[in-house]
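Source file work-v4.cif; content: mmCIF, C-alpha atoms.
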data_upload
#
loop_
_atom_site.group_PDB
_atom_site.id
_atom_site.type_symbol
_atom_site.label_atom_id
_atom_site.label_comp_id
_atom_site.auth_asym_id
_atom_site.auth_seq_id
_atom_site.Cartn_x
_atom_site.Cartn_y
_atom_site.Cartn_z
ATOM 1 C CA MET A 1 136.331 151.965 -28.536
ATOM 2 C CA ASN A 2 135.857 152.238 -32.297
ATOM 3 C CA PHE A 3 136.644 149.508 -34.837
ATOM 4 C CA GLN A 4 140.186 150.776 -35.416
ATOM 5 C CA GLN A 5 140.893 150.710 -31.678
ATOM 6 C CA LEU A 6 139.329 147.230 -31.474
ATOM 7 C CA ASP A 7 141.660 146.038 -34.228
ATOM 8 C CA GLN A 8 144.700 147.461 -32.459
ATOM 9 C CA TYR A 9 143.618 145.876 -29.160
ATOM 10 C CA LEU A 10 143.144 142.421 -30.698
ATOM 11 C CA ARG A 11 146.446 142.490 -32.582
ATOM 12 C CA ALA A 12 148.478 143.602 -29.561
ATOM 13 C CA TYR A 13 150.321 140.818 -27.718
ATOM 14 C CA ASP A 14 148.723 139.842 -24.436
ATOM 15 C CA ALA A 15 150.806 138.565 -21.505
ATOM 16 C CA ILE A 16 150.591 134.915 -22.545
ATOM 17 C CA GLU A 17 151.355 135.645 -26.203
ATOM 18 C CA LYS A 18 154.524 137.470 -25.153
ATOM 19 C CA ARG A 19 155.687 134.198 -23.574
ATOM 20 C CA GLN A 20 154.360 131.845 -26.259
ATOM 21 C CA VAL A 21 155.998 133.763 -29.114
ATOM 22 C CA VAL A 22 159.397 132.960 -27.555
ATOM 23 C CA ASP A 23 159.219 129.168 -27.100
ATOM 24 C CA HIS A 24 155.914 128.285 -28.887
ATOM 25 C CA GLN A 25 154.779 126.184 -25.931
ATOM 26 C CA ASN A 26 151.105 126.314 -24.934
ATOM 27 C CA ILE A 27 150.293 128.059 -21.659
ATOM 28 C CA ASN A 28 146.854 127.524 -20.173
ATOM 29 C CA ASP A 29 145.416 130.482 -18.306
ATOM 30 C CA VAL A 30 142.553 128.292 -17.053
ATOM 31 C CA GLN A 31 142.957 125.314 -14.737
ATOM 32 C CA MET A 32 142.146 122.310 -16.935
ATOM 33 C CA GLN A 33 140.627 119.047 -15.746
ATOM 34 C CA THR A 34 141.294 115.477 -16.910
ATOM 35 C CA ARG A 35 138.412 113.028 -17.331
ATOM 36 C CA LYS A 36 138.811 109.595 -18.902
ATOM 37 C CA ASP A 37 142.134 110.662 -20.448
ATOM 38 C CA LYS A 38 140.547 113.784 -21.979
ATOM 39 C CA ILE A 39 141.476 117.375 -21.180
ATOM 40 C CA VAL A 40 138.324 119.268 -20.191
ATOM 41 C CA MET A 41 137.965 123.042 -19.927
ATOM 42 C CA PRO A 42 135.464 123.787 -17.121
ATOM 43 C CA ASP A 43 132.860 126.543 -17.324
ATOM 44 C CA SER A 44 133.245 127.888 -13.777
ATOM 45 C CA PRO A 45 135.895 130.584 -14.459
ATOM 46 C CA PHE A 46 133.966 132.285 -17.264
ATOM 47 C CA PHE A 47 130.498 133.142 -15.984
ATOM 48 C CA GLU A 48 131.141 135.101 -12.812
ATOM 49 C CA GLN A 49 130.011 138.362 -14.430
ATOM 50 C CA GLY A 50 127.258 137.087 -16.722
ATOM 51 C CA ASP A 51 126.107 134.493 -19.238
ATOM 52 C CA ILE A 52 128.376 135.676 -22.081
ATOM 53 C CA PHE A 53 132.170 135.679 -22.054
ATOM 54 C CA ILE A 54 134.527 136.550 -24.923
ATOM 55 C CA SER A 55 138.240 135.830 -25.104
ATOM 56 C CA LYS A 56 140.957 136.068 -27.738
ATOM 57 C CA HIS A 57 142.674 132.778 -28.480
ATOM 58 C CA HIS A 58 146.355 133.056 -27.582
ATOM 59 C CA ARG A 59 148.572 132.929 -30.673
ATOM 60 C CA PHE A 60 152.037 131.418 -31.319
ATOM 61 C CA ALA A 61 151.496 127.968 -29.749
ATOM 62 C CA PRO A 62 149.246 125.004 -30.565
ATOM 63 C CA MET A 63 146.269 124.300 -28.308
ATOM 64 C CA PRO A 64 146.159 120.556 -27.552
ATOM 65 C CA GLU A 65 143.050 118.461 -27.996
ATOM 66 C CA HIS A 66 140.396 119.311 -25.419
ATOM 67 C CA THR A 67 136.659 119.467 -24.782
ATOM 68 C CA HIS A 68 134.414 122.050 -23.088
ATOM 69 C CA GLN A 69 131.698 121.986 -20.457
ATOM 70 C CA PHE A 70 130.084 124.902 -22.276
ATOM 71 C CA ILE A 71 128.984 125.792 -25.797
ATOM 72 C CA GLU A 72 131.409 127.951 -27.750
ATOM 73 C CA LEU A 73 131.106 130.090 -30.860
ATOM 74 C CA ASN A 74 134.425 130.636 -32.667
ATOM 75 C CA TYR A 75 134.735 133.780 -34.785
ATOM 76 C CA ILE A 76 137.701 134.139 -37.126
ATOM 77 C CA TYR A 77 138.353 137.870 -36.975
ATOM 78 C CA SER A 78 141.484 137.767 -39.128
ATOM 79 C CA GLY A 79 143.683 135.261 -40.959
ATOM 80 C CA VAL A 80 142.990 131.545 -40.643
ATOM 81 C CA SER A 81 142.530 128.882 -37.973
ATOM 82 C CA LYS A 82 143.453 125.248 -38.602
ATOM 83 C CA GLN A 83 141.679 122.847 -36.266
ATOM 84 C CA VAL A 84 141.218 119.117 -35.810
ATOM 85 C CA ILE A 85 137.626 118.428 -34.791
ATOM 86 C CA ASN A 86 136.614 114.910 -33.808
ATOM 87 C CA GLY A 87 139.672 113.592 -35.645
ATOM 88 C CA GLU A 88 139.119 115.506 -38.912
ATOM 89 C CA GLU A 89 141.120 118.511 -40.150
ATOM 90 C CA TYR A 90 139.383 121.801 -40.980
ATOM 91 C CA GLN A 91 140.547 125.277 -41.917
ATOM 92 C CA PHE A 92 138.482 128.352 -41.083
ATOM 93 C CA SER A 93 139.019 131.736 -42.722
ATOM 94 C CA ALA A 94 138.361 135.341 -41.712
ATOM 95 C CA GLY A 95 134.643 136.057 -41.292
ATOM 96 C CA GLN A 96 133.617 132.450 -40.639
ATOM 97 C CA PHE A 97 131.980 131.140 -37.476
ATOM 98 C CA CYS A 98 131.884 127.695 -35.901
ATOM 99 C CA LEU A 99 129.475 126.647 -33.143
ATOM 100 C CA PHE A 100 130.772 123.838 -30.919
ATOM 101 C CA ASP A 101 128.422 121.798 -28.781
ATOM 102 C CA GLN A 102 129.469 120.626 -25.322
ATOM 103 C CA ASN A 103 132.084 117.853 -25.220
ATOM 104 C CA THR A 104 133.162 118.354 -28.829
ATOM 105 C CA SER A 105 136.805 117.340 -29.083
ATOM 106 C CA HIS A 106 139.085 119.738 -30.963
ATOM 107 C CA SER A 107 142.631 121.042 -31.114
ATOM 108 C CA ILE A 108 143.882 124.301 -32.630
ATOM 109 C CA ALA A 109 147.116 124.597 -34.595
ATOM 110 C CA GLU A 110 149.575 127.380 -33.804
ATOM 111 C CA MET A 111 148.196 130.690 -35.026
ATOM 112 C CA GLY A 112 150.424 133.379 -36.491
ATOM 113 C CA GLU A 113 150.692 137.147 -36.232
ATOM 114 C CA ASN A 114 147.705 137.896 -38.470
ATOM 115 C CA ASP A 115 145.505 135.060 -37.166
ATOM 116 C CA ILE A 116 142.921 136.328 -34.690
ATOM 117 C CA LEU A 117 140.344 133.914 -33.262
ATOM 118 C CA LEU A 118 137.667 135.037 -30.802
ATOM 119 C CA ASN A 119 135.946 132.574 -28.477
ATOM 120 C CA VAL A 120 132.393 133.574 -27.558
ATOM 121 C CA ILE A 121 131.342 131.361 -24.666
ATOM 122 C CA PHE A 122 127.813 130.728 -23.434
ATOM 123 C CA ARG A 123 126.030 128.792 -20.787
ATOM 124 C CA SER A 124 124.498 125.789 -22.559
ATOM 125 C CA GLU A 125 120.945 126.704 -21.589
ATOM 126 C CA THR A 126 121.451 130.251 -22.885
ATOM 127 C CA ILE A 127 122.683 129.280 -26.349
ATOM 128 C CA LYS A 128 120.187 126.479 -26.855
ATOM 129 C CA THR A 129 117.095 128.407 -25.840
ATOM 130 C CA THR A 130 118.199 131.537 -27.705
ATOM 131 C CA PHE A 131 119.244 129.781 -30.912
ATOM 132 C CA ILE A 132 116.228 127.478 -30.953
ATOM 133 C CA LYS A 133 113.849 130.396 -30.359
ATOM 134 C CA THR A 134 115.573 132.286 -33.153
ATOM 135 C CA LEU A 135 114.995 129.405 -35.547
ATOM 136 C CA GLU A 136 111.400 129.044 -34.379
ATOM 137 C CA SER A 137 110.746 132.718 -35.005
ATOM 138 C CA ASN A 138 112.135 132.087 -38.491
ATOM 139 C CA LYS A 139 109.209 129.671 -38.929
ATOM 140 C CA SER A 140 111.442 127.070 -40.547
ATOM 141 C CA ILE A 141 111.324 123.290 -40.258
ATOM 142 C CA VAL A 142 114.315 123.265 -42.613
ATOM 143 C CA SER A 143 116.395 125.138 -40.033
ATOM 144 C CA ASP A 144 114.960 122.956 -37.304
ATOM 145 C CA PHE A 145 116.027 119.821 -39.166
ATOM 146 C CA LEU A 146 119.514 121.197 -39.800
ATOM 147 C CA LEU A 147 120.002 122.169 -36.161
ATOM 148 C CA SER A 148 118.783 118.771 -34.997
ATOM 149 C CA ALA A 149 121.105 116.982 -37.423
ATOM 150 C CA ALA A 150 124.052 119.092 -36.328
ATOM 151 C CA LEU A 151 123.646 119.121 -32.556
ATOM 152 C CA SER A 152 121.294 116.317 -31.491
ATOM 153 C CA SER A 153 123.347 113.295 -30.568
ATOM 154 C CA ASN A 154 123.792 110.942 -27.659
ATOM 155 C CA THR A 155 127.544 111.431 -27.931
ATOM 156 C CA LYS A 156 127.211 115.235 -28.191
ATOM 157 C CA ASP A 157 130.206 115.646 -30.467
ATOM 158 C CA HIS A 158 128.836 117.969 -33.119
ATOM 159 C CA PHE A 159 129.545 121.402 -34.512
ATOM 160 C CA ILE A 160 128.121 123.730 -37.140
ATOM 161 C CA ARG A 161 130.264 125.724 -39.561
ATOM 162 C CA PHE A 162 128.877 129.040 -40.815
ATOM 163 C CA ASP A 163 130.406 130.322 -44.067
ATOM 164 C CA ALA A 164 129.472 133.920 -43.308
ATOM 165 C CA GLU A 165 132.472 135.797 -44.659
ATOM 166 C CA GLU A 166 130.354 137.554 -47.305
ATOM 167 C CA ASN A 167 127.758 138.725 -44.780
ATOM 168 C CA GLU A 168 128.919 142.284 -44.099
ATOM 169 C CA GLN A 169 126.049 143.016 -41.733
ATOM 170 C CA LEU A 170 126.948 140.044 -39.550
ATOM 171 C CA GLN A 171 130.608 141.113 -39.458
ATOM 172 C CA HIS A 172 129.568 144.627 -38.403
ATOM 173 C CA ILE A 173 127.205 143.427 -35.659
ATOM 174 C CA THR A 174 129.844 141.038 -34.297
ATOM 175 C CA LYS A 175 132.415 143.843 -34.069
ATOM 176 C CA MET A 176 129.862 146.001 -32.262
ATOM 177 C CA MET A 177 129.410 143.240 -29.670
ATOM 178 C CA LEU A 178 133.175 142.878 -29.296
ATOM 179 C CA THR A 179 133.609 146.587 -28.582
ATOM 180 C CA GLU A 180 130.954 146.394 -25.853
ATOM 181 C CA PHE A 181 132.741 143.466 -24.205
ATOM 182 C CA PHE A 182 136.335 144.723 -24.408
ATOM 183 C CA ASP A 183 135.429 148.335 -23.578
ATOM 184 C CA PRO A 184 132.398 148.049 -21.272
ATOM 185 C CA LYS A 185 130.265 151.064 -20.452
ATOM 186 C CA ASP A 186 126.830 151.660 -18.982
ATOM 187 C CA TYR A 187 124.319 149.151 -20.400
ATOM 188 C CA SER A 188 127.060 147.115 -22.138
ATOM 189 C CA SER A 189 125.692 143.858 -20.755
ATOM 190 C CA GLU A 190 122.244 144.532 -22.191
ATOM 191 C CA MET A 191 123.720 145.777 -25.458
ATOM 192 C CA MET A 192 125.673 142.541 -25.818
ATOM 193 C CA LYS A 193 122.528 140.472 -25.395
ATOM 194 C CA GLN A 194 120.799 142.480 -28.104
ATOM 195 C CA TYR A 195 123.751 142.162 -30.474
ATOM 196 C CA LEU A 196 123.900 138.446 -29.714
ATOM 197 C CA ALA A 197 120.249 138.039 -30.680
ATOM 198 C CA LEU A 198 120.959 139.798 -33.991
ATOM 199 C CA ILE A 199 123.998 137.592 -34.564
ATOM 200 C CA PHE A 200 121.856 134.490 -34.044
ATOM 201 C CA MET A 201 119.309 135.750 -36.542
ATOM 202 C CA GLU A 202 121.977 136.367 -39.162
ATOM 203 C CA LEU A 203 123.583 132.986 -38.451
ATOM 204 C CA ALA A 204 120.165 131.350 -38.837
ATOM 205 C CA ARG A 205 119.956 132.871 -42.319
ATOM 206 C CA VAL A 206 123.415 131.577 -43.208
ATOM 207 C CA PHE A 207 122.523 128.208 -41.703
ATOM 208 C CA HIS A 208 119.289 127.947 -43.671
ATOM 209 C CA GLN A 209 121.004 128.816 -46.964
ATOM 210 C CA ASN A 210 123.935 126.403 -46.595
ATOM 211 C CA LYS A 211 123.109 124.046 -49.475
ATOM 212 C CA ALA A 212 126.450 122.232 -49.251
ATOM 213 C CA TYR A 213 125.743 121.340 -45.618
ATOM 214 C CA GLN A 214 122.223 120.249 -46.532
ATOM 215 C CA ALA A 215 123.515 117.928 -49.238
ATOM 216 C CA ARG A 216 126.081 116.441 -46.854
ATOM 217 C CA ILE A 217 123.576 115.400 -44.189
ATOM 218 C CA ALA A 218 120.738 114.254 -46.454
ATOM 219 C CA ASP A 219 120.622 111.151 -48.643
ATOM 220 C CA ASN A 220 119.807 113.356 -51.619
ATOM 221 C CA SER A 221 118.894 116.947 -52.351
ATOM 222 C CA ALA A 222 115.174 116.178 -52.779
ATOM 223 C CA LEU A 223 114.522 116.331 -49.030
ATOM 224 C CA PHE A 224 114.886 120.102 -48.673
ATOM 225 C CA PRO A 225 112.474 121.038 -51.471
ATOM 226 C CA MET A 226 109.977 118.770 -49.721
ATOM 227 C CA LEU A 227 110.450 120.492 -46.373
ATOM 228 C CA GLU A 228 110.237 123.891 -48.050
ATOM 229 C CA TYR A 229 107.015 122.768 -49.761
ATOM 230 C CA ILE A 230 105.560 121.967 -46.324
ATOM 231 C CA GLU A 231 106.681 125.395 -45.079
ATOM 232 C CA ARG A 232 104.850 127.155 -47.905
ATOM 233 C CA ASN A 233 101.666 125.058 -47.962
ATOM 234 C CA TYR A 234 101.197 123.794 -44.409
ATOM 235 C CA LYS A 235 97.779 125.436 -43.936
ATOM 236 C CA THR A 236 96.062 123.544 -46.755
ATOM 237 C CA ILE A 237 98.486 120.713 -47.487
ATOM 238 C CA THR A 238 97.444 117.060 -47.838
ATOM 239 C CA LEU A 239 99.707 114.041 -48.157
ATOM 240 C CA ALA A 240 98.029 113.117 -51.446
ATOM 241 C CA LYS A 241 98.621 116.596 -52.948
ATOM 242 C CA MET A 242 102.244 116.628 -51.874
ATOM 243 C CA ALA A 243 102.883 113.122 -53.213
ATOM 244 C CA GLN A 244 101.443 114.183 -56.561
ATOM 245 C CA GLU A 245 103.594 117.323 -56.565
ATOM 246 C CA PHE A 246 106.806 115.288 -56.191
ATOM 247 C CA GLY A 247 105.746 112.312 -58.316
ATOM 248 C CA PHE A 248 105.671 109.752 -55.493
ATOM 249 C CA ASN A 249 102.944 107.594 -54.061
ATOM 250 C CA LYS A 250 101.764 108.513 -50.575
ATOM 251 C CA ASN A 251 103.378 105.601 -48.772
ATOM 252 C CA TYR A 252 106.784 106.188 -50.368
ATOM 253 C CA LEU A 253 106.710 109.895 -49.553
ATOM 254 C CA SER A 254 105.619 109.274 -45.979
ATOM 255 C CA ASN A 255 108.334 106.647 -45.433
ATOM 256 C CA LYS A 256 111.035 108.845 -46.995
ATOM 257 C CA LEU A 257 110.228 111.811 -44.783
ATOM 258 C CA ARG A 258 110.184 109.655 -41.680
ATOM 259 C CA LYS A 259 113.480 107.971 -42.576
ATOM 260 C CA GLU A 260 115.344 111.237 -43.216
ATOM 261 C CA THR A 261 113.832 113.500 -40.546
ATOM 262 C CA GLY A 262 112.758 111.034 -37.864
ATOM 263 C CA LYS A 263 109.269 112.551 -37.972
ATOM 264 C CA THR A 264 106.049 111.554 -39.688
ATOM 265 C CA TRP A 265 104.457 113.754 -42.347
ATOM 266 C CA THR A 266 101.763 114.742 -39.821
ATOM 267 C CA GLU A 267 104.379 115.703 -37.231
ATOM 268 C CA LEU A 268 106.257 117.866 -39.745
ATOM 269 C CA VAL A 269 103.104 119.721 -40.756
ATOM 270 C CA SER A 270 102.138 120.190 -37.109
ATOM 271 C CA LYS A 271 105.608 121.456 -36.256
ATOM 272 C CA GLN A 272 105.467 124.036 -39.039
ATOM 273 C CA LYS A 273 102.081 125.237 -37.782
ATOM 274 C CA LEU A 274 103.534 125.633 -34.301
ATOM 275 C CA HIS A 275 106.605 127.465 -35.648
ATOM 276 C CA HIS A 276 104.298 130.018 -37.239
ATOM 277 C CA ALA A 277 102.232 130.211 -34.056
ATOM 278 C CA THR A 278 105.296 131.124 -31.964
ATOM 279 C CA HIS A 279 106.060 133.922 -34.399
ATOM 280 C CA LEU A 280 102.537 135.319 -34.109
ATOM 281 C CA LEU A 281 102.587 134.991 -30.313
ATOM 282 C CA ALA A 282 105.887 136.841 -30.081
ATOM 283 C CA TYR A 283 105.328 139.612 -32.600
ATOM 284 C CA THR A 284 101.572 140.278 -32.711
ATOM 285 C CA ASP A 285 98.748 140.971 -30.262
ATOM 286 C CA ASN A 286 96.376 138.605 -32.077
ATOM 287 C CA LYS A 287 93.950 136.665 -29.910
ATOM 288 C CA LEU A 288 94.878 133.048 -29.236
ATOM 289 C CA VAL A 289 91.797 131.716 -31.038
ATOM 290 C CA ASP A 290 92.658 133.843 -34.082
ATOM 291 C CA ILE A 291 96.230 132.518 -34.057
ATOM 292 C CA ALA A 292 94.919 128.953 -33.949
ATOM 293 C CA GLU A 293 92.835 129.638 -37.048
ATOM 294 C CA GLU A 294 95.636 131.553 -38.784
ATOM 295 C CA VAL A 295 98.051 128.602 -38.553
ATOM 296 C CA GLY A 296 95.490 126.065 -39.725
ATOM 297 C CA TYR A 297 93.855 124.601 -36.618
ATOM 298 C CA ALA A 298 90.076 124.343 -36.877
ATOM 299 C CA SER A 299 89.849 123.638 -33.140
ATOM 300 C CA PRO A 300 91.481 126.120 -30.703
ATOM 301 C CA SER A 301 91.457 123.494 -27.946
ATOM 302 C CA PHE A 302 93.415 121.078 -30.155
ATOM 303 C CA PHE A 303 95.892 123.882 -30.922
ATOM 304 C CA PHE A 304 96.367 124.550 -27.182
ATOM 305 C CA LYS A 305 96.889 120.825 -26.547
ATOM 306 C CA GLN A 306 99.442 120.459 -29.355
ATOM 307 C CA PHE A 307 101.304 123.615 -28.335
ATOM 308 C CA LYS A 308 101.641 122.533 -24.712
ATOM 309 C CA ARG A 309 102.760 119.061 -25.737
ATOM 310 C CA HIS A 310 105.474 120.479 -27.989
ATOM 311 C CA TYR A 311 106.737 123.412 -25.888
ATOM 312 C CA GLY A 312 105.811 122.345 -22.355
ATOM 313 C CA MET A 313 103.742 125.489 -21.803
ATOM 314 C CA THR A 314 100.521 127.057 -22.982
ATOM 315 C CA PRO A 315 100.466 129.665 -25.781
ATOM 316 C CA LYS A 316 99.662 132.328 -23.169
ATOM 317 C CA GLN A 317 102.645 131.312 -21.036
ATOM 318 C CA PHE A 318 104.893 131.403 -24.117
ATOM 319 C CA ARG A 319 103.703 134.921 -24.973
ATOM 320 C CA ASP A 320 104.145 136.123 -21.389
ATOM 321 C CA GLU A 321 107.761 134.875 -21.293
ATOM 322 C CA ARG A 322 108.794 136.714 -24.474
#

Target encoding structure tokens, full file:
Amino acid sequence: MNFQQLDQYLRAYDAIEKRQVVDHQNINDVQMQTRKDKIVMPDSPFFEQGDIFISKHHRFAPMPEHTHQFIELNYIYSGVSKQVINGEEYQFSAGQFCLFDQNTSHSIAEMGENDILLNVIFRSETIKTTFIKTLESNKSIVSDFLLSAALSSNTKDHFIRFDAEENEQLQHITKMMLTEFFDPKDYSSEMMKQYLALIFMELARVFHQNKAYQARIADNSALFPMLEYIERNYKTITLAKMAQEFGFNKNYLSNKLRKETGKTWTELVSKQKLHHATHLLAYTDNKLVDIAEEVGYASPSFFFKQFKRHYGMTPKQFRDER
């Protein structure tokens, strides 16, 4: 299947669309559940063949408000998609992505002839470990903060919008993954996993560069230059130097960082060191003691202790699992 054949396949009416285009009434091809007056889409039908499942959203009828037991990545292949997410209206355009956490409530307005929405569905443990590891390999506490702000919640009702329509490489990679799913061949399952990893890396770039999103979740735009300063200078940084750099006293700076990130200055610096360490463990053969020194730990034993506390495994175990 080439991209032209993929386009023809996605635009063709499927069996449900042939019925929905007549009366514009939603038809569910999955047995839905009701919990506490909410419609819930279970994960059991989707993962019989693997950890990744892709489906085209059926056009010509509105999808009522519902939640998922899984994490879902929406990709707008063509046209637009109007959705109500947690009570607020949004419109997504061709080339954009939206990552929905479990139990996020959303409905989808009727989609027309040119509106093609793909649902990429993952087991929750797959998406979280893969996406988090991608961000860690990016060595970014900025990305880490953004991900935490977007998806860490006791109510688990969050989503992340990726304005990626200008990213031609991401569009190409996504279409490659779609062709492997809709026209499977030998090694398609492994190919999809590799394309998915690349998609996550590109989305992490988009995520990191989303200044509008950063401004929306932070009290003011000063936070992100501070986090980026830690990223650049974590090996030799001191609280006094950083406070002088931004024109604050040490106590004010420390309190501001803790208020906005939920972490102390020391924890942020330590986290950045560990981010860099995971990158070196994954992509180099450097000795563990050399990695400890490279990321700014004078004591290898303290590095091992901090790493295990943060990741629940030793640096060696982390390297062996990559």

> the PyMOL selection byres ((chain A and resi 303-314) around 10) on the file shown: which residues, as number ranges by chain?
Replying inline: A: 270-271, 273-275, 277-278, 288-289, 291-293, 295-302, 315-320

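Reported to one decimal place, the separation of atom CA of Gly95 of chain A from atom CA of Ala109 of chain A is 18.2 Å.
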
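Near Arg19 of chain A, within 12 Å and counting only C-alpha atoms, sit Tyr13, Asp14, Ala15, Ile16, Val22, Asp23, His24, Gln25, Asn26, Ile27, Asn28, His58, Arg59, Phe60 and Ala61 of chain A; same-chain residues fewer than 3 positions away were not included.
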
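Matched in the shown structure by the PyMOL selection byres ((chain A and resi 64) around 12): Gln25, Asn26, Ile27, Asn28, Met32, Lys38, Ile39, Val40, Met41, Ala61, Pro62, Met63, Glu65, His66, Thr67, Gln83, Val84, Ile85, Ser105, His106, Ser107, Ile108, Ala109 and Glu110 of chain A.
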
Only C-alpha atoms, please: the residues just picked out, written as a PDB file, in the coordinates of the input.
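As a result, again_21.pdb now contains:
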ATOM      1  CA  GLN A  25     154.779 126.184 -25.931  1.00  0.00           C
ATOM      2  CA  ASN A  26     151.105 126.314 -24.934  1.00  0.00           C
ATOM      3  CA  ILE A  27     150.293 128.059 -21.659  1.00  0.00           C
ATOM      4  CA  ASN A  28     146.854 127.524 -20.173  1.00  0.00           C
ATOM      5  CA  MET A  32     142.146 122.310 -16.935  1.00  0.00           C
ATOM      6  CA  LYS A  38     140.547 113.784 -21.979  1.00  0.00           C
ATOM      7  CA  ILE A  39     141.476 117.375 -21.180  1.00  0.00           C
ATOM      8  CA  VAL A  40     138.324 119.268 -20.191  1.00  0.00           C
ATOM      9  CA  MET A  41     137.965 123.042 -19.927  1.00  0.00           C
ATOM     10  CA  ALA A  61     151.496 127.968 -29.749  1.00  0.00           C
ATOM     11  CA  PRO A  62     149.246 125.004 -30.565  1.00  0.00           C
ATOM     12  CA  MET A  63     146.269 124.300 -28.308  1.00  0.00           C
ATOM     13  CA  GLU A  65     143.050 118.461 -27.996  1.00  0.00           C
ATOM     14  CA  HIS A  66     140.396 119.311 -25.419  1.00  0.00           C
ATOM     15  CA  THR A  67     136.659 119.467 -24.782  1.00  0.00           C
ATOM     16  CA  GLN A  83     141.679 122.847 -36.266  1.00  0.00           C
ATOM     17  CA  VAL A  84     141.218 119.117 -35.810  1.00  0.00           C
ATOM     18  CA  ILE A  85     137.626 118.428 -34.791  1.00  0.00           C
ATOM     19  CA  SER A 105     136.805 117.340 -29.083  1.00  0.00           C
ATOM     20  CA  HIS A 106     139.085 119.738 -30.963  1.00  0.00           C
ATOM     21  CA  SER A 107     142.631 121.042 -31.114  1.00  0.00           C
ATOM     22  CA  ILE A 108     143.882 124.301 -32.630  1.00  0.00           C
ATOM     23  CA  ALA A 109     147.116 124.597 -34.595  1.00  0.00           C
ATOM     24  CA  GLU A 110     149.575 127.380 -33.804  1.00  0.00           C
TER      25      GLU A 110
END

>> Here's the selection I'm unsure about, the PyMOL selection byres ((chain A and resi 175) around 12); applied to the file above, which residues does it give, as a PyMOL selection string?
In response: chain A and resi 1-7+10+54+75-77+95+118+168-174+176-183+192+195-196+199

Could you please take those selected residues and save C-alpha atoms as a compact mmCIF listing (two decimals), keeping the file's coordinate frame?
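Ended up saving to again31.txt:
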# COMPACT_ATOMS: atom_id res chain seq x y z
CA MET A 1 136.33 151.96 -28.54
CA ASN A 2 135.86 152.24 -32.30
CA PHE A 3 136.64 149.51 -34.84
CA GLN A 4 140.19 150.78 -35.42
CA GLN A 5 140.89 150.71 -31.68
CA LEU A 6 139.33 147.23 -31.47
CA ASP A 7 141.66 146.04 -34.23
CA LEU A 10 143.14 142.42 -30.70
CA ILE A 54 134.53 136.55 -24.92
CA TYR A 75 134.74 133.78 -34.78
CA ILE A 76 137.70 134.14 -37.13
CA TYR A 77 138.35 137.87 -36.98
CA GLY A 95 134.64 136.06 -41.29
CA LEU A 118 137.67 135.04 -30.80
CA GLU A 168 128.92 142.28 -44.10
CA GLN A 169 126.05 143.02 -41.73
CA LEU A 170 126.95 140.04 -39.55
CA GLN A 171 130.61 141.11 -39.46
CA HIS A 172 129.57 144.63 -38.40
CA ILE A 173 127.20 143.43 -35.66
CA THR A 174 129.84 141.04 -34.30
CA MET A 176 129.86 146.00 -32.26
CA MET A 177 129.41 143.24 -29.67
CA LEU A 178 133.18 142.88 -29.30
CA THR A 179 133.61 146.59 -28.58
CA GLU A 180 130.95 146.39 -25.85
CA PHE A 181 132.74 143.47 -24.20
CA PHE A 182 136.34 144.72 -24.41
CA ASP A 183 135.43 148.34 -23.58
CA MET A 192 125.67 142.54 -25.82
CA TYR A 195 123.75 142.16 -30.47
CA LEU A 196 123.90 138.45 -29.71
CA ILE A 199 124.00 137.59 -34.56

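The space separating atom CA of Cys98 of chain A from atom CA of Asp115 of chain A comes to 15.5 Å.
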
>> As an exercise, work out the distance from atom CA of His276 of chain A to atom CA of Asn255 of chain A in Å and give it to one decimal place.
In response: 25.1 Å
